[in-house]
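Shown next: work04.cif, containing mmCIF, C-alpha atoms and all ligand atoms.
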data_my_file
#
loop_
_atom_site.label_atom_id
_atom_site.label_comp_id
_atom_site.auth_asym_id
_atom_site.auth_seq_id
_atom_site.Cartn_x
_atom_site.Cartn_y
_atom_site.Cartn_z
CA MET A 1 -11.37 13.86 7.99
CA SER A 2 -9.23 11.49 10.03
CA ARG A 3 -5.41 11.85 9.76
CA LEU A 4 -5.11 8.13 10.46
CA VAL A 5 -3.70 6.24 7.46
CA TYR A 6 -3.44 2.47 7.03
CA VAL A 7 -0.31 1.22 5.23
CA LEU A 8 -1.13 -2.33 4.12
CA ASN A 9 1.26 -4.88 2.64
CA GLY A 10 0.34 -8.15 0.99
CA PRO A 11 1.95 -11.55 0.57
CA ASN A 12 5.71 -12.10 0.56
CA LEU A 13 6.49 -8.51 1.55
CA ASN A 14 7.61 -9.87 4.94
CA LEU A 15 10.62 -11.18 2.96
CA LEU A 16 11.54 -7.72 1.69
CA GLY A 17 15.33 -7.30 1.66
CA LYS A 18 15.83 -11.06 1.31
CA ARG A 19 13.78 -12.13 -1.72
CA GLN A 20 14.88 -11.06 -5.19
CA PRO A 21 16.90 -8.05 -3.98
CA GLU A 22 17.77 -7.24 -7.61
CA ILE A 23 14.06 -6.41 -8.05
CA TYR A 24 12.92 -5.27 -4.60
CA GLY A 25 16.16 -3.94 -3.10
CA ARG A 26 17.87 -4.67 0.20
CA GLU A 27 15.71 -2.65 2.56
CA THR A 28 13.54 -4.71 4.89
CA LEU A 29 9.88 -4.11 5.69
CA ALA A 30 11.01 -2.91 9.13
CA ASP A 31 13.13 -0.25 7.34
CA VAL A 32 10.08 0.74 5.28
CA GLU A 33 7.94 1.00 8.41
CA ARG A 34 10.58 3.17 10.12
CA ASP A 35 10.72 5.52 7.09
CA CYS A 36 6.91 5.65 6.90
CA ARG A 37 6.71 6.59 10.59
CA ALA A 38 9.30 9.34 10.12
CA ILE A 39 7.50 10.91 7.18
CA ALA A 40 4.10 10.45 8.85
CA ALA A 41 5.36 12.49 11.82
CA GLU A 42 6.48 15.23 9.41
CA LEU A 43 3.10 15.18 7.63
CA LYS A 44 1.14 14.97 10.90
CA LEU A 45 -0.38 11.63 9.96
CA ASP A 46 -0.98 8.71 12.31
CA ILE A 47 -0.24 5.36 10.72
CA ARG A 48 -1.15 1.74 11.23
CA PHE A 49 1.37 -0.43 9.39
CA HIS A 50 0.47 -4.06 8.62
CA GLN A 51 1.61 -6.98 6.48
CA SER A 52 -0.09 -10.30 5.87
CA ASN A 53 0.23 -13.28 3.58
CA ARG A 54 -3.53 -13.93 4.07
CA GLU A 55 -6.11 -12.24 1.86
CA TYR A 56 -8.81 -12.21 4.57
CA GLU A 57 -6.56 -10.37 7.00
CA ILE A 58 -5.96 -7.59 4.50
CA ILE A 59 -9.72 -7.38 3.90
CA ASP A 60 -10.36 -7.18 7.66
CA TRP A 61 -7.87 -4.30 7.97
CA ILE A 62 -9.60 -2.46 5.12
CA HIS A 63 -12.91 -2.92 6.98
CA GLU A 64 -11.26 -1.58 10.14
CA ALA A 65 -9.88 1.39 8.18
CA ARG A 66 -13.43 2.07 6.95
CA GLU A 67 -14.45 2.84 10.53
CA THR A 68 -11.45 4.90 11.58
CA ALA A 69 -9.06 6.01 8.83
CA GLY A 70 -8.91 8.88 6.33
CA GLY A 71 -6.80 7.09 3.73
CA ILE A 72 -5.05 3.88 2.72
CA VAL A 73 -1.68 3.13 1.12
CA ILE A 74 -1.71 -0.44 -0.14
CA ASN A 75 0.87 -2.68 -1.73
CA PRO A 76 -1.25 -5.79 -2.25
CA GLY A 77 1.68 -7.82 -3.65
CA ALA A 78 0.44 -10.53 -6.01
CA PHE A 79 -3.16 -10.00 -4.78
CA THR A 80 -3.01 -6.85 -6.94
CA HIS A 81 -3.42 -9.02 -9.99
CA THR A 82 -5.92 -11.56 -8.65
CA SER A 83 -8.13 -10.25 -5.87
CA ILE A 84 -11.63 -9.06 -6.62
CA ALA A 85 -12.30 -9.47 -2.87
CA ILE A 86 -9.70 -6.80 -2.01
CA LEU A 87 -11.14 -4.54 -4.72
CA ASP A 88 -14.63 -5.01 -3.22
CA ALA A 89 -13.34 -4.15 0.27
CA LEU A 90 -11.55 -1.03 -1.04
CA ASN A 91 -14.73 0.00 -2.87
CA ALA A 92 -16.42 0.11 0.53
CA PHE A 93 -13.80 2.61 1.79
CA ASP A 94 -14.65 6.29 1.34
CA GLY A 95 -11.26 8.06 1.51
CA PRO A 96 -8.34 8.26 -0.90
CA ILE A 97 -6.37 5.10 -1.71
CA ILE A 98 -2.85 5.01 -3.11
CA GLU A 99 -1.64 1.79 -4.74
CA CYS A 100 2.10 1.35 -4.24
CA HIS A 101 4.47 -1.11 -5.92
CA ILE A 102 8.18 -1.25 -5.22
CA SER A 103 9.02 -2.57 -8.68
CA ASN A 104 7.93 -1.20 -12.04
CA VAL A 105 5.26 -3.80 -12.69
CA HIS A 106 4.82 -2.57 -16.27
CA LYS A 107 8.37 -3.54 -17.12
CA ARG A 108 7.81 -7.09 -15.87
CA GLU A 109 5.73 -10.14 -16.87
CA SER A 110 2.44 -9.35 -18.60
CA PHE A 111 0.41 -10.92 -15.75
CA ARG A 112 1.63 -8.04 -13.56
CA HIS A 113 0.28 -5.41 -15.95
CA HIS A 114 -3.31 -5.75 -14.81
CA SER A 115 -4.36 -4.49 -11.39
CA TYR A 116 -7.82 -4.84 -9.85
CA VAL A 117 -6.84 -2.30 -7.21
CA SER A 118 -6.10 0.43 -9.79
CA GLN A 119 -9.84 0.63 -10.48
CA VAL A 120 -10.37 2.19 -7.07
CA ALA A 121 -7.00 3.89 -6.44
CA SER A 122 -6.69 7.68 -6.53
CA GLY A 123 -3.16 7.13 -7.83
CA VAL A 124 -0.58 4.44 -8.46
CA ILE A 125 3.14 4.51 -7.68
CA ALA A 126 5.39 1.85 -9.19
CA GLY A 127 9.10 1.47 -9.78
CA PHE A 128 10.38 3.96 -7.18
CA GLY A 129 11.67 1.22 -4.91
CA THR A 130 10.76 1.43 -1.25
CA GLN A 131 10.79 5.24 -1.57
CA GLY A 132 7.37 4.78 -3.20
CA TYR A 133 5.83 4.39 0.26
CA GLN A 134 7.07 7.83 1.32
CA LEU A 135 5.81 9.36 -1.93
CA SER A 136 2.45 7.64 -1.41
CA LEU A 137 2.13 9.12 2.08
CA ARG A 138 3.03 12.59 0.77
CA ARG A 139 0.31 12.36 -1.87
CA LEU A 140 -2.20 11.04 0.63
CA ALA A 141 -1.48 13.92 3.03
CA ARG A 142 -2.09 16.37 0.18
CA LEU A 143 -5.39 14.72 -0.71
CA LEU A 144 -6.49 14.78 2.95
CA ASP A 145 -5.47 18.46 3.25
CA ASP A 146 -7.41 19.31 0.07
CA ALA A 147 -10.51 17.47 1.32
CA ALA A 148 -10.30 19.24 4.70
CA ALA A 149 -10.06 22.65 2.96
CA GLN A 150 -13.31 22.08 1.03
C1 LIG B 201 4.81 -5.88 -6.01
C2 LIG B 201 4.63 -6.32 -7.46
C3 LIG B 201 3.77 -7.57 -7.55
O1 LIG B 201 3.59 -7.96 -8.90
C4 LIG B 201 4.43 -8.71 -6.80
O2 LIG B 201 3.60 -9.85 -6.81
C5 LIG B 201 4.82 -8.34 -5.40
C6 LIG B 201 5.36 -7.01 -5.15
C7 LIG B 201 5.78 -4.70 -5.87
O3 LIG B 201 5.80 -4.09 -4.82
O4 LIG B 201 6.55 -4.40 -6.81
O5 LIG B 201 4.77 -9.17 -4.50
O6 LIG B 201 3.55 -5.47 -5.50
#
As structure tokens, how would this structure be written, given the file I've shared?
Ligand code: DQA
Amino acid sequence: MSRLVYVLNGPNLNLLGKRQPEIYGRETLADVERDCRAIAAELKLDIRFHQSNREYEIIDWIHEARETAGGIVINPGAFTHTSIAILDALNAFDGPIIECHISNVHKRESFRHHSYVSQVASGVIAGFGTQGYQLSLRRLARLLDDAAAQ
């Protein structure tokens, strides 16, 4: 199975570090990407790291991942709670998917408690801050190792 992993980020995550730092912290998305690349090197994963405010672009990256990647880490932002189209795209992906949220969505407004993406995710990480991305990649590496050993 491919050791290529897509790390996908949805709307408003380009403002990480600037918007609502009391909820999302002060680290920027560039900091998150740097940390992901460091842990990916340790785990012998290749990563493609993307962010978009456009639903179709995220769907196109999932389609691309379908052809090339072994796994996906996705923080769909608010699309988590609204997008059947992203769920459909993820359902067409064969490998493990980890859903990652910086904040603890269950502690927040009730509209954040439902996730379409959770229906297809192997696991969900929420409330660990930006460290959640590193934990997601660790879990994904384990799942890829397990699949390769079978
Ligand atoms: C988020 C949680 C979502 O509810 C919100 O819309 C986001 C970020 C998180 O990482 O905590 O944009 O996915």
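If you look at CA of Phe93 (chain A) and CA of Arg66 (chain A), they are 5.2 Å away from each other.
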9 Å shell around ligand LIG 201 (chain B) using all atoms listed in the file, listed as JSON, numbers by chain: {"A": [9, 10, 11, 12, 13, 23, 24, 75, 76, 77, 78, 79, 80, 81, 99, 100, 101, 102, 103, 104, 105, 108, 109, 111, 112, 113, 126, 127, 129, 130]}
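You will find CA of Ser118 (chain A) at 20.6 Å from CA of Phe49 (chain A).
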Would you compute the distance between CA of Glu55 (chain A) and CA of Leu16 (chain A)? Give it in Å to one decimal. 18.2 Å
Shell of 9 Å around Asn14 (chain A), all atoms listed in the file, local chain residues under 4 positions omitted, as a VMD selection string: chain A and resid 9 to 10 28 to 30 51 to 53
My list of candidates is A:Arg3, A:Arg48, A:Ile86, A:Leu8. Which is closest to Ala148 (chain A) when distances are computed with only C-alpha atoms?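 Of the candidates, the smallest distance to Ala148 (chain A) is held by A:Arg3.
With distances taken over all atoms listed in the file, A:Val32 is the one residue among A:Val124, A:Val32, A:Val117, A:Gln131 lying closest to Gly17 (chain A).
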Which neighbours of Ala92 (chain A) fall inside 12 Å, counting only C-alpha atoms, when residues of the same chain fewer than 3 positions from it are skipped, and could you give them as JSON, numbers by chain? {"A": [59, 60, 62, 63, 64, 65, 66, 67, 85, 86, 87, 88, 89, 95, 96, 97, 120]}
Output, as JSON, the centre and edge lengths in Å (one decimal) of the axis-aligned box that contains all listed atoms of region 113-118 of chain A with 8 Å of margin on each side.
{"center_x": -3.8, "center_y": -2.7, "center_z": -11.6, "size_x": 24.1, "size_y": 22.2, "size_z": 24.7}
Neighbours of point (1.2, 8.1, -4.4) within 6 Å, using only C-alpha atoms, written as number ranges by chain: A: 98, 123-125, 135-136, 139
Proximity to Ala121 (chain A) - best of A:Glu27, A:Glu42, A:Asp94, A:Asp145, all atoms listed in the file: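 Using all atoms listed in the file, the shortest distance to Ala121 (chain A) belongs to A:Asp94.
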